[in-house]
Amino acid sequence: MSDTEGAAVPERLLITRTTTDDDVCVVTLAGEVDLDGSTQLRDVLLSGLEGSRGAVVDLADVAFMDSSGINVFIAAHQAAEAGGSWLRLAAPRSAVRRVLQLVGVDALIACYPTLDQALADR
């Protein structure tokens, strides 16, 4: 895998995009997913979906997420479906998982307990 992105909002959200050997985009987030970093996150996800089999967002290091993050994931999910690929979410912490459940995103976008499980699902 190779890194292609950097900080969206220094000290608040770090976005790292990699691509697996089998053309799956992995977007790893660390920090807070809120309005300040949502535009760059949307750009990274949408560009990562272009030409890939699908994308997995690793949420293991996300401590906080607001509705702007939810909106980015829904837009990326819709773009993935329109382009014949998929979007998966992986390893959300309990606070983030709760937000995903409250708004029903976990029913729309496949959520996995770990990154490895999200990548292994074929």
# chains A, B, ... in the order shown; residues from 1 in each chain; ligands from 1

$ select_by_dssp --residues "stretch 25-95 of chain A" --states "helix (DSSP H, G or I)" --output "number ranges by chain"
A: 35-49, 67-82, 94-95

$ write_last_selection --atoms "C-alpha atoms" --output "compact mmCIF listing (two decimals), in the first residue's frame"
# COMPACT_ATOMS: atom_id res chain seq x y z
CA LEU A 35 -17.23 20.36 9.52
CA ASP A 36 -13.63 21.62 9.40
CA GLY A 37 -12.26 18.49 7.73
CA SER A 38 -15.34 17.20 5.93
CA THR A 39 -14.62 18.82 2.56
CA GLN A 40 -11.17 17.27 2.29
CA LEU A 41 -12.50 13.94 3.53
CA ARG A 42 -15.20 14.00 0.84
CA ASP A 43 -12.60 14.79 -1.83
CA VAL A 44 -10.29 12.00 -0.66
CA LEU A 45 -13.08 9.43 -0.54
CA LEU A 46 -14.57 10.35 -3.90
CA SER A 47 -11.19 10.39 -5.65
CA GLY A 48 -10.26 7.12 -3.97
CA LEU A 49 -13.38 5.45 -5.33
CA SER A 67 -23.31 15.05 11.08
CA SER A 68 -20.89 16.41 8.50
CA GLY A 69 -19.02 13.09 8.64
CA ILE A 70 -22.30 11.20 8.24
CA ASN A 71 -23.12 13.32 5.18
CA VAL A 72 -19.70 12.58 3.64
CA PHE A 73 -20.17 8.83 4.13
CA ILE A 74 -23.65 8.89 2.60
CA ALA A 75 -22.42 10.89 -0.43
CA ALA A 76 -19.47 8.52 -0.88
CA HIS A 77 -21.77 5.49 -0.56
CA GLN A 78 -24.07 6.89 -3.25
CA ALA A 79 -21.11 7.66 -5.52
CA ALA A 80 -19.72 4.16 -4.99
CA GLU A 81 -23.02 2.52 -5.89
CA ALA A 82 -23.42 4.74 -8.96
CA SER A 94 -18.18 3.09 20.67
CA ALA A 95 -18.99 6.84 20.51

$ closest_residue --among "A:Leu59, A:Ile15, A:Ala110, A:Ala30" --to "A:Leu87" --atoms "only C-alpha atoms"
A:Ala110

$ residues_around --residues "stretch 115-118 of chain A" --least-positions-apart "3" --cutoff "8 Å" --atoms "only C-alpha atoms" --output "ChimeraX atom specification"
/A:56,58,88-91,111-112,121

$ write_last_selection --atoms "C-alpha atoms" --output "PDB file, in the first residue's frame"
ATOM      1  CA  VAL A  56     -12.885   1.074   3.338  1.00  0.00           C
ATOM      2  CA  ASP A  58     -10.815   2.923   8.995  1.00  0.00           C
ATOM      3  CA  ARG A  88     -17.374   0.008   3.978  1.00  0.00           C
ATOM      4  CA  LEU A  89     -16.709   1.429   7.436  1.00  0.00           C
ATOM      5  CA  ALA A  90     -14.316  -0.319   9.804  1.00  0.00           C
ATOM      6  CA  ALA A  91     -13.466  -0.331  13.501  1.00  0.00           C
ATOM      7  CA  CYS A 111     -19.795  -1.598   9.186  1.00  0.00           C
ATOM      8  CA  TYR A 112     -17.161  -4.070  10.361  1.00  0.00           C
ATOM      9  CA  ASP A 121     -15.272  -9.558   2.862  1.00  0.00           C
TER      10      ASP A 121
END

$ select_by_dssp --residues "stretch 34-103 of chain A" --states "strand (DSSP E)" --output "list in words"
Gly54, Ala55, Val56, Val57, Asp58, Leu59, Ala60, Asp61, Val62, Ala63, Phe64, Met65, Leu87, Arg88, Leu89 and Ala90 of chain A
